[in-house]
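Pasted below: my_file-v3.txt, compact mmCIF, C-alpha atoms.
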# COMPACT_ATOMS: atom_id res chain seq x y z
CA MET A 22 12.94 -11.67 -28.64
CA PRO A 23 15.54 -11.63 -31.41
CA THR A 24 14.96 -9.27 -34.32
CA THR A 25 15.00 -10.76 -37.81
CA ASN A 26 18.76 -10.45 -38.20
CA GLU A 27 19.65 -11.50 -34.64
CA GLN A 28 20.27 -14.94 -33.21
CA VAL A 29 20.41 -16.25 -29.67
CA LEU A 30 24.01 -17.11 -28.80
CA ILE A 31 23.53 -17.80 -25.08
CA SER A 32 20.49 -18.51 -22.90
CA VAL A 33 20.80 -18.14 -19.13
CA LYS A 34 18.51 -20.57 -17.34
CA ASP A 35 18.14 -22.20 -13.95
CA GLU A 36 18.95 -25.87 -13.35
CA GLN A 37 15.43 -26.88 -14.39
CA GLY A 38 15.62 -24.98 -17.66
CA THR A 39 13.56 -21.88 -16.83
CA LEU A 40 14.86 -18.84 -18.69
CA LEU A 41 16.02 -16.35 -16.07
CA ARG A 42 14.63 -13.18 -17.62
CA PRO A 43 14.90 -11.03 -14.47
CA VAL A 44 18.50 -11.94 -13.69
CA GLU A 45 21.03 -9.38 -14.87
CA ALA A 46 24.47 -10.80 -15.58
CA THR A 47 27.63 -10.26 -17.57
CA PHE A 48 29.12 -12.78 -19.98
CA ALA A 49 32.49 -13.40 -21.59
CA VAL A 50 33.54 -15.79 -24.34
CA GLU A 51 37.20 -16.76 -24.25
CA TYR A 52 39.40 -18.81 -26.61
CA LYS A 53 42.55 -20.44 -25.18
CA TYR A 54 45.20 -21.40 -27.70
CA LYS A 55 47.93 -23.95 -27.10
CA ASP A 56 51.25 -22.53 -25.90
CA GLU A 57 49.65 -19.20 -24.98
CA ALA A 58 49.63 -18.19 -21.32
CA THR A 59 46.22 -16.57 -21.18
CA ALA A 60 42.93 -16.97 -22.91
CA GLU A 61 41.78 -14.36 -25.41
CA VAL A 62 38.44 -12.64 -24.78
CA VAL A 63 36.62 -12.70 -28.09
CA MET A 64 33.23 -11.47 -26.93
CA GLU A 65 31.82 -9.93 -23.74
CA GLY A 66 28.95 -7.82 -22.51
CA ASP A 67 25.66 -7.95 -20.64
CA VAL A 68 23.09 -10.71 -20.59
CA ARG A 69 19.79 -8.99 -21.21
CA ARG A 70 16.52 -10.63 -20.18
CA GLY A 71 18.12 -14.04 -20.01
CA THR A 72 19.71 -14.07 -23.45
CA VAL A 73 22.68 -12.85 -25.43
CA LEU A 74 21.59 -11.77 -28.90
CA ARG A 75 23.98 -10.97 -31.70
CA THR A 76 23.78 -10.47 -35.43
CA THR A 77 26.89 -12.62 -35.86
CA ASP A 78 27.79 -16.10 -34.61
CA PHE A 79 30.66 -16.95 -32.24
CA PRO A 80 33.87 -15.90 -34.02
CA SER A 81 35.94 -18.55 -35.74
CA ALA A 82 39.15 -19.68 -34.08
CA SER A 83 42.45 -18.59 -35.54
CA ALA A 84 43.52 -20.88 -38.37
CA GLU A 85 47.18 -20.32 -37.52
CA LYS A 86 46.91 -21.48 -33.92
CA GLU A 87 45.75 -24.64 -32.19
CA LEU A 88 42.63 -24.11 -30.07
CA GLU A 89 42.95 -25.79 -26.68
CA PHE A 90 39.48 -24.88 -25.47
CA SER A 91 36.83 -22.18 -25.49
CA GLU A 92 34.85 -21.04 -22.46
CA ILE A 93 31.66 -19.12 -21.79
CA LYS A 94 31.47 -17.40 -18.41
CA VAL A 95 28.24 -15.97 -17.03
CA THR A 96 28.40 -13.94 -13.82
CA PRO A 97 25.22 -12.61 -12.18
CA LYS A 98 25.46 -8.99 -11.09
CA ALA A 99 25.18 -7.93 -7.45
CA ALA A 100 21.93 -7.78 -5.44
CA PRO A 101 19.15 -8.54 -6.14
CA PHE A 102 20.60 -11.11 -8.56
CA GLU A 103 22.77 -12.98 -6.07
CA PHE A 104 20.47 -16.01 -5.88
CA TYR A 105 22.36 -17.67 -8.75
CA SER A 106 26.04 -18.57 -8.84
CA ALA A 107 28.40 -17.81 -11.70
CA LYS A 108 29.00 -20.57 -14.25
CA ILE A 109 31.64 -21.52 -16.78
CA ARG A 110 31.08 -23.91 -19.69
CA ARG A 111 34.15 -25.25 -21.44
CA PHE A 112 34.35 -26.71 -24.95
CA ASP A 113 37.56 -28.67 -25.55
CA PHE A 114 39.32 -28.13 -28.90
CA GLN A 115 36.40 -26.20 -30.39
CA ILE A 116 34.51 -22.92 -30.30
CA PRO A 117 31.23 -22.91 -28.32
CA VAL A 118 28.67 -25.38 -29.61
CA LYS A 119 25.01 -24.36 -29.40
CA ASP A 120 22.66 -26.77 -27.68
CA SER A 121 19.92 -25.65 -30.06
CA GLU A 122 19.40 -23.00 -32.69
CA LYS A 123 16.56 -21.50 -30.70
CA ALA A 124 18.34 -21.20 -27.35
CA GLY A 125 22.01 -21.09 -28.37
CA VAL A 126 24.35 -22.30 -25.62
CA ASP A 127 22.37 -23.18 -22.49
CA MET A 128 24.00 -21.86 -19.34
CA LYS A 129 22.20 -23.45 -16.42
CA LEU A 130 23.07 -21.53 -13.26
CA ASP A 131 22.92 -23.10 -9.83
CA PHE A 132 20.23 -21.58 -7.60
CA THR A 133 21.62 -20.59 -4.22
CA GLY A 134 18.33 -19.56 -2.58
CA ILE A 135 15.79 -21.78 -0.81
CA ASN A 136 14.68 -24.75 -2.92
CA LYS A 137 11.20 -26.20 -2.41
CA PRO A 138 10.27 -23.63 0.26
CA ASN A 139 7.51 -24.37 2.75
CA LYS A 140 4.78 -21.84 3.60
CA GLU A 141 6.70 -20.32 6.48
CA GLN A 142 9.82 -19.90 4.37
CA ILE A 143 7.74 -18.29 1.62
CA ARG A 144 6.22 -15.81 4.09
CA ALA A 145 9.59 -14.98 5.63
CA THR A 146 11.17 -14.47 2.20
CA LEU A 147 8.24 -12.29 1.09
CA ALA A 148 8.68 -10.12 4.19
CA ASP A 149 12.43 -9.78 3.59
CA ALA A 150 11.85 -8.90 -0.06
CA ALA A 151 9.21 -6.30 0.84
CA GLN A 152 11.65 -4.64 3.24
CA THR A 153 14.41 -4.69 0.60
CA LYS A 154 12.09 -3.08 -1.94
CA LEU A 155 10.92 -0.49 0.59
CA ASN A 156 14.52 0.41 1.43
CA ALA A 157 15.24 0.74 -2.29
CA ILE A 158 12.39 3.14 -3.06
CA GLN A 159 13.12 5.18 0.06
CA ALA A 160 16.79 5.45 -0.87
CA LYS A 161 15.80 6.53 -4.39
CA ALA A 162 13.43 9.17 -3.02
CA LYS A 163 16.12 10.42 -0.65
CA GLY A 164 18.53 10.72 -3.60
CA LYS A 165 16.03 12.89 -5.46
CA THR A 166 15.59 15.32 -2.60
CA ALA A 167 19.25 15.40 -1.54
CA MET B 3 -24.71 -15.02 -18.00
CA ALA B 4 -21.40 -16.78 -18.56
CA THR B 5 -21.00 -19.21 -21.45
CA PRO B 6 -18.86 -22.35 -21.30
CA SER B 7 -16.03 -22.19 -23.83
CA SER B 8 -16.22 -24.33 -26.95
CA ASN B 9 -14.15 -27.18 -25.53
CA GLU B 10 -16.28 -27.49 -22.38
CA GLN B 11 -19.80 -28.68 -21.70
CA PHE B 12 -22.46 -27.37 -19.39
CA VAL B 13 -23.62 -29.79 -16.71
CA GLY B 14 -26.42 -28.30 -14.68
CA ILE B 15 -30.03 -28.20 -13.72
CA ALA B 16 -32.03 -25.28 -12.44
CA PRO B 17 -31.66 -22.91 -9.53
CA LYS B 18 -33.04 -24.00 -6.18
CA VAL B 19 -33.81 -27.50 -7.48
CA ASP B 20 -31.84 -30.35 -6.00
CA LEU B 21 -32.13 -33.15 -8.55
CA THR B 22 -29.93 -36.18 -8.93
CA GLU B 23 -26.96 -35.32 -11.10
CA ARG B 24 -25.87 -37.91 -13.64
CA GLY B 25 -22.50 -37.37 -15.24
CA SER B 26 -21.93 -38.07 -18.91
CA ASN B 27 -19.82 -41.11 -19.71
CA LEU B 28 -17.88 -38.82 -22.04
CA THR B 29 -15.96 -37.39 -19.09
CA ASN B 30 -12.22 -37.43 -18.66
CA ASP B 31 -9.68 -36.33 -16.07
CA LYS B 32 -10.10 -32.68 -17.11
CA ARG B 33 -13.77 -32.61 -16.18
CA GLN B 34 -14.72 -29.51 -14.17
CA ILE B 35 -18.36 -28.84 -13.47
CA TYR B 36 -19.89 -25.37 -13.73
CA THR B 37 -22.48 -24.79 -11.07
CA TYR B 38 -25.69 -23.12 -12.10
CA ALA B 39 -24.91 -20.25 -9.73
CA GLU B 40 -21.60 -19.63 -11.47
CA LEU B 41 -23.25 -19.49 -14.87
CA LEU B 42 -26.15 -17.38 -13.70
CA ALA B 43 -23.95 -14.85 -11.97
CA GLY B 44 -21.23 -14.95 -14.57
CA ALA B 45 -18.99 -15.60 -11.59
CA ARG B 46 -15.44 -14.80 -12.46
CA GLY B 47 -12.39 -14.90 -10.30
CA ALA B 48 -11.56 -15.39 -6.69
CA THR B 49 -14.58 -15.18 -4.42
CA ASN B 50 -13.11 -16.70 -1.28
CA LEU B 51 -10.35 -14.54 0.18
CA GLU B 52 -8.22 -15.92 2.98
CA GLU B 53 -7.24 -13.70 5.91
CA SER B 54 -3.52 -13.20 6.49
CA THR B 55 -2.21 -14.20 9.87
CA THR B 56 0.86 -11.99 9.53
CA THR B 57 -0.30 -8.82 7.73
CA PRO B 58 -3.20 -7.05 9.48
CA GLY B 59 -6.11 -6.23 7.20
CA LEU B 60 -4.90 -8.32 4.28
CA PHE B 61 -7.22 -10.78 2.54
CA ALA B 62 -6.27 -12.57 -0.68
CA GLY B 63 -7.08 -15.53 -2.90
CA VAL B 64 -6.53 -17.05 -6.35
CA SER B 65 -9.15 -18.86 -8.43
CA LYS B 66 -9.25 -20.57 -11.79
CA MET B 67 -11.34 -19.04 -14.55
CA THR B 68 -12.38 -20.09 -18.06
CA PRO B 69 -9.39 -21.19 -20.18
CA MET B 70 -8.45 -19.21 -23.28
CA THR B 71 -6.83 -20.15 -26.57
CA VAL B 72 -4.20 -17.99 -28.21
CA GLY B 73 -3.55 -19.30 -31.71
CA THR B 74 -2.51 -22.90 -31.20
CA PHE B 75 -1.73 -22.47 -27.50
CA GLU B 76 -4.16 -23.15 -24.69
CA TYR B 77 -3.87 -21.25 -21.42
CA ASP B 78 -5.50 -21.56 -18.05
CA VAL B 79 -6.66 -18.19 -16.74
CA TYR B 80 -6.48 -17.39 -13.03
CA ASN B 81 -7.66 -14.42 -11.01
CA LEU B 82 -5.84 -12.89 -8.04
CA LYS B 83 -7.87 -10.80 -5.65
CA ALA B 84 -6.69 -9.06 -2.49
CA ILE B 85 -7.89 -6.40 -0.11
CA ALA B 86 -5.17 -4.48 1.68
CA GLN B 87 -4.79 -1.37 3.75
CA LEU B 88 -1.88 0.99 3.31
CA ARG B 89 -1.84 2.59 6.75
CA PRO B 90 -0.93 4.07 9.19
CA GLN B 91 0.02 6.87 6.89
CA ALA B 92 3.58 6.97 5.58
CA SER B 93 5.41 8.25 2.52
CA SER B 94 6.18 4.80 1.14
CA PHE B 95 4.71 1.31 1.35
CA VAL B 96 5.69 -2.10 0.02
CA LEU B 97 3.08 -4.60 1.14
CA GLN B 98 3.55 -8.29 0.42
CA ILE B 99 0.31 -9.92 -0.80
CA GLY B 100 1.58 -13.45 -1.21
CA ASP B 101 3.31 -15.93 -3.49
CA ILE B 102 1.98 -17.64 -6.61
CA GLU B 103 3.94 -20.86 -7.16
CA VAL B 104 3.56 -22.53 -10.55
CA SER B 105 4.78 -25.73 -12.26
CA LEU B 106 8.46 -26.18 -12.92
CA GLY B 107 9.68 -24.13 -15.85
CA GLN B 108 6.54 -22.04 -16.22
CA ASN B 109 6.05 -18.29 -16.18
CA ILE B 110 2.83 -16.43 -15.52
CA PHE B 111 1.72 -13.46 -17.57
CA PHE B 112 -0.73 -10.88 -16.24
CA ILE B 113 -3.28 -9.96 -18.88
CA ALA B 114 -5.65 -7.72 -16.91
CA ASN B 115 -5.47 -5.39 -13.94
CA ARG B 116 -8.63 -3.93 -12.47
CA THR B 117 -7.05 -2.96 -9.13
CA ASN B 118 -8.84 -0.12 -7.38
CA ILE B 119 -7.47 2.45 -4.94
CA GLU B 120 -9.93 3.91 -2.48
CA ALA B 121 -9.33 7.08 -0.47
CA VAL B 122 -11.55 9.20 1.76
CA ASP B 123 -12.43 12.67 0.56
CA PHE B 124 -14.80 13.69 3.33
CA ALA B 125 -13.33 17.18 3.68
CA GLY B 126 -12.79 17.58 -0.07
CA THR B 127 -15.64 16.97 -2.49
CA GLY B 128 -17.17 14.50 -0.04
CA GLY B 129 -17.40 10.72 -0.07
CA TYR B 130 -14.70 8.42 -1.35
CA ALA B 131 -12.35 8.58 -4.32
CA ASN B 132 -12.10 5.32 -6.30
CA ASN B 133 -9.65 5.04 -9.16
CA PRO B 134 -7.41 2.51 -10.93
CA ILE B 135 -4.04 1.84 -9.37
CA ASN B 136 -1.42 3.98 -11.10
CA PHE B 137 0.65 7.11 -10.79
CA GLY B 138 -1.92 9.81 -10.04
CA ALA B 139 -4.38 7.58 -8.20
CA MET B 140 -6.15 9.46 -5.41
CA VAL B 141 -4.95 8.80 -1.85
CA ASP B 142 -5.71 10.62 1.40
CA ASP B 143 -4.14 11.66 4.69
CA ASN B 144 -5.19 12.96 8.08
CA THR B 145 -6.83 16.00 6.48
CA ASP B 146 -9.42 13.67 4.86
CA VAL B 147 -8.86 15.35 1.51
CA ALA B 148 -8.01 13.08 -1.42
CA ARG B 149 -5.08 14.00 -3.65
CA PRO B 150 -3.20 12.32 -6.51
CA ILE B 151 -0.23 10.16 -5.51
CA ASP B 152 2.86 11.69 -7.08
CA THR B 153 5.56 9.02 -7.20
CA LEU B 154 4.74 5.27 -7.38
CA CYS B 155 1.55 3.21 -7.27
CA TYR B 156 1.49 -0.28 -8.79
CA VAL B 157 1.40 -4.03 -8.19
CA ASN B 158 4.80 -5.69 -8.46
CA GLN B 159 5.26 -9.31 -9.61
CA ASP B 160 8.74 -10.61 -8.77
CA ASN B 161 9.98 -14.13 -9.57
CA ASN B 162 13.52 -13.39 -8.45
CA TYR B 163 13.10 -12.54 -4.79
CA GLY B 164 15.08 -15.33 -3.16
CA LEU B 165 12.95 -18.32 -4.15
CA PRO B 166 13.04 -20.35 -7.40
CA PRO B 167 11.68 -18.62 -10.53
CA GLU B 168 8.44 -20.61 -10.28
CA ASN B 169 7.63 -18.57 -7.16
CA ASN B 170 6.08 -15.21 -8.00
CA GLY B 171 6.04 -12.75 -5.13
CA MET B 172 3.21 -10.21 -5.38
CA PHE B 173 3.65 -6.80 -3.76
CA ILE B 174 1.79 -3.49 -3.64
CA VAL B 175 4.24 -0.61 -4.08
CA ALA B 176 3.20 2.98 -3.36
CA GLU B 177 5.14 6.12 -2.66
CA ASP B 178 4.38 9.84 -2.43
CA SER B 179 6.28 12.98 -1.51
CA ASN B 180 4.15 13.28 1.61
CA PRO B 181 2.60 10.81 4.06
CA PHE B 182 -0.60 9.19 2.79
CA GLU B 183 -2.92 6.24 3.29
CA CYS B 184 -5.50 4.34 1.23
CA ASP B 185 -7.19 0.98 0.71
CA VAL B 186 -6.25 -1.25 -2.21
CA TYR B 187 -8.55 -3.76 -3.92
CA VAL B 188 -6.36 -5.96 -6.12
CA ASP B 189 -8.12 -7.71 -9.02
CA MET B 190 -5.80 -9.13 -11.67
CA ASP B 191 -5.93 -12.00 -14.19
CA PHE B 192 -2.96 -14.08 -15.29
CA ILE B 193 -2.44 -16.88 -17.79
CA ILE B 194 -0.27 -19.98 -17.75
CA PRO B 195 -0.07 -22.96 -20.16
CA VAL B 196 -3.05 -25.25 -19.65
CA GLY B 197 -2.58 -28.00 -17.07
CA SER B 198 0.11 -26.18 -15.07
CA SER B 199 -0.20 -26.22 -11.30
CA VAL B 200 -0.83 -22.98 -9.39
CA GLU B 201 -0.54 -22.66 -5.63
CA PHE B 202 -1.10 -19.45 -3.72
CA THR B 203 0.39 -18.67 -0.32
CA ILE B 204 -0.96 -15.57 1.37
CA SER B 205 1.60 -13.43 3.15
Once more with this new file: its structure as structure tokens, please.
Amino acid sequence: MPTTNEQVLISVKDEQGTLLRPVEATFAVEYKYKDEATAEVVMEGDVRRGTVLRTTDFPSASAEKELEFSEIKVTPKAAPFEFYSAKIRRFDFQIPVKDSEKAGVDMKLDFTGINKPNKEQIRATLADAAQTKLNAIQAKAKGKTA
Amino acid sequence: MATPSSNEQFVGIAPKVDLTERGSNLTNDKRQIYTYAELLAGARGATNLEESTTTPGLFAGVSKMTPMTVGTFEYDVYNLKAIAQLRPQASSFVLQIGDIEVSLGQNIFFIANRTNIEAVDFAGTGGYANNPINFGAMVDDNTDVARPIDTLCYVNQDNNYGLPPENNGMFIVAEDSNPFECDVYVDMDFIIPVGSSVEFTIS
């Protein structure tokens, strides 16, 4: 939830529009000016609980240069967040445009896991996840005693 | 005795009397009938637990309860119950209860957790130790003496475990410095916007 002086700049959702609160990711906002070889990173950091909150808006483009495009890149971190692919949204000739004031720029990531799973797929995925979690807590415990 | 909420009506007769039931013509597609037994017993939550075919000793089920209103929002309330055994004894367990799949775009929020951990204490103070699931809940081992669990003991809800975010995997997580065992009686309530679908798949 944004505090009183914060606003949502970016929301990270799935293709159906569900806010992906558990998915940890990094983001970068880049401005590419005409006749410049590389884009300039104007903002970057972590996506926390599905949103990027800031007290300031996306920075203005340089008045002296011609903006070719701006891009927002969202990249999910490694396991267990690998079920979504990275995404880039490009805005030609302008800085990022929010889809709404409430959600900022919607970044809808493609889901790479099993869509519309049947009962057997659900049970198999539950079993895999339980084993992954068990390995994680055992590794953590081992680290404490090592 | 349970009371129907203000936006619902009681349709019923008397216990042990099998009269003809006539429905009101003021019904709509949201009509759900309370049975007299439910009202009399104040029945709340899942009462029919399915047996897992893959996890020995696991029984679980989800049932709809009386809706609740939070400000201007209406929520359906559901109850998850499960009975599980954490054994044979080990230092860590992650037991998959099942999956709660909800309507597209919806999240569930757990609002109550009455989960009980039961351990034997025959060679300690005698009998059984029953206490809420948490760090410090009493568990036992081959000595039949109950002791507090010293690392992890909770129910995990995960909607990012390899299936779409509408699928909520439910797991019991428990860990101690030494091997232990116990029984777990899961009893938790969750809410979701009224009218959303909820489907439970036992592990």
Minimum-distance residue to Asp149 in chain A, chosen among B:Asn118, B:Thr203, B:Val96, B:Pro150 (using all atoms listed in the file):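 Among the listed residues, B:Val96 lies closest to Asp149 in chain A.
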Residues near Ser106 in chain A, cut-off 7 Å, all atoms listed in the file, skip fewer than 4 positions along chain, as a list in words: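 Counting only the stated atoms, we get Pro97, Leu130, Asp131, Phe132 and Thr133 of chain A.
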Pairwise distance for CA of Gln28 in chain A and CA of Tyr52 in chain A, rounded to one decimal in Å: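 Rounded to one decimal, the two atoms are 20.6 Å apart.
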Write out as an NGL selection string the residues lying within 6 Å of Val95 in chain A, counting all atoms listed in the file and excluding same-chain residues fewer than 4 positions away. :A and (47-48 or 107-108)
Export, as a PDB file, in the coordinates of the input, the selected residues with C-alpha atoms.
ATOM      1  CA  THR A  47      27.630 -10.260 -17.570  1.00  0.00           C
ATOM      2  CA  PHE A  48      29.120 -12.780 -19.980  1.00  0.00           C
ATOM      3  CA  ALA A 107      28.400 -17.810 -11.700  1.00  0.00           C
ATOM      4  CA  LYS A 108      29.000 -20.570 -14.250  1.00  0.00           C
TER       5      LYS A 108
END
Could you list, as a VMD selection string, every residue within 10 Å of range 152-159 of chain A, counting only C-alpha atoms and ignoring same-chain residues fewer than 5 positions away? (chain A and resid 101 146 to 147 164 to 165) or (chain B and resid 93 to 98 153 to 154 163 173 175 to 177)
Contact check, chain B to chain A, at most 12 Å, counting all atoms listed in the file, closest pairs as a tab-separated table:
residue	atom	partner	partner_atom	distance
B:Ser54	CA	A:Arg144	CA	10.4
B:Thr55	CA	A:Arg144	CA	10.3
B:Thr56	CA	A:Arg144	CA	8.5
B:Thr57	CA	A:Ala148	CA	9.7
B:Ala92	CA	A:Gln159	CA	11.2
B:Ser93	CA	A:Gln159	CA	8.7
B:Ser94	CA	A:Gln159	CA	7.0
B:Phe95	CA	A:Leu155	CA	6.5
B:Val96	CA	A:Leu155	CA	5.5
B:Leu97	CA	A:Ala151	CA	6.4
B:Gln98	CA	A:Ala151	CA	6.0
B:Ile99	CA	A:Leu147	CA	8.5
B:Gly100	CA	A:Leu147	CA	7.1
B:Asp101	CA	A:Ile143	CA	7.2
B:Ile102	CA	A:Ile143	CA	10.1
B:Glu103	CA	A:Ile143	CA	9.9
B:Val104	CA	A:Lys137	CA	11.8
B:Ser105	CA	A:Thr39	CA	10.6
B:Leu106	CA	A:Gln37	CA	7.2
B:Gly107	CA	A:Thr39	CA	4.6
B:Gln108	CA	A:Thr39	CA	7.0
B:Asn109	CA	A:Thr39	CA	8.3
B:Asp152	CA	A:Ala162	CA	11.6
B:Thr153	CA	A:Ala162	CA	8.9
B:Leu154	CA	A:Ile158	CA	9.0
B:Cys155	CA	A:Ile158	CA	11.6
B:Asn158	CA	A:Lys154	CA	10.1
B:Gln159	CA	A:Pro43	CA	10.9
B:Asp160	CA	A:Pro43	CA	8.4
B:Asn161	CA	A:Pro43	CA	7.6
B:Asn162	CA	A:Pro43	CA	6.6
B:Tyr163	CA	A:Ala150	CA	6.1
B:Gly164	CA	A:Gly134	CA	5.4
B:Leu165	CA	A:Ile135	CA	5.6
B:Pro166	CA	A:Asn136	CA	6.5
B:Pro167	CA	A:Thr39	CA	7.3
B:Glu168	CA	A:Thr39	CA	8.4
B:Asn169	CA	A:Ile143	CA	8.8
B:Asn170	CA	A:Leu147	CA	9.8
B:Gly171	CA	A:Leu147	CA	6.6
B:Met172	CA	A:Leu147	CA	8.5
B:Phe173	CA	A:Ala151	CA	7.2
B:Ile174	CA	A:Ala151	CA	9.1
B:Val175	CA	A:Leu155	CA	8.2
B:Ala176	CA	A:Ile158	CA	9.2
B:Glu177	CA	A:Ile158	CA	7.8
B:Asp178	CA	A:Ala162	CA	9.1
B:Ser179	CA	A:Ala162	CA	8.2
B:Asn180	CA	A:Ala162	CA	11.2
B:Glu201	CA	A:Lys140	CA	10.7
B:Phe202	CA	A:Lys140	CA	9.7
B:Thr203	CA	A:Lys140	CA	6.7
B:Ile204	CA	A:Arg144	CA	7.7
B:Ser205	CA	A:Arg144	CA	5.3
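Between CA of Asp67 in chain A and CA of Val126 in chain A the separation is 15.2 Å.
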With distances taken over only C-alpha atoms, the candidate from B:Phe112, B:Phe75, B:Tyr156, B:Phe137 nearest Phe192 in chain B is B:Phe112
What's the 8 Å shell around Lys53 in chain A, counting all atoms listed in the file, without same-chain residues fewer than 4 positions away, as a list in words?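 After dropping sequence-adjacent residues, the list is Glu57, Thr59, Ala60, Glu61, Leu88, Glu89, Phe90 and Ser91 of chain A.
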Can you tell me which residues surround Glu87 in chain A at a distance of at most 8 Å, considering only C-alpha atoms, apart from same-chain residues fewer than 2 positions away, and format the answer as a PyMOL selection string? chain A and resi 54-55+83-85+89
How many Å lie between CA of Leu82 in chain B and CA of Tyr130 in chain B, rounded to one decimal?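 Interatomic distance, CA of Leu82 in chain B to CA of Tyr130 in chain B: 24.0 Å.
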Between B:Leu88, B:Met190, B:Leu60, B:Ala114, which residue has the minimum interatomic distance to Asp142 in chain B, considering all atoms listed in the file? B:Leu88
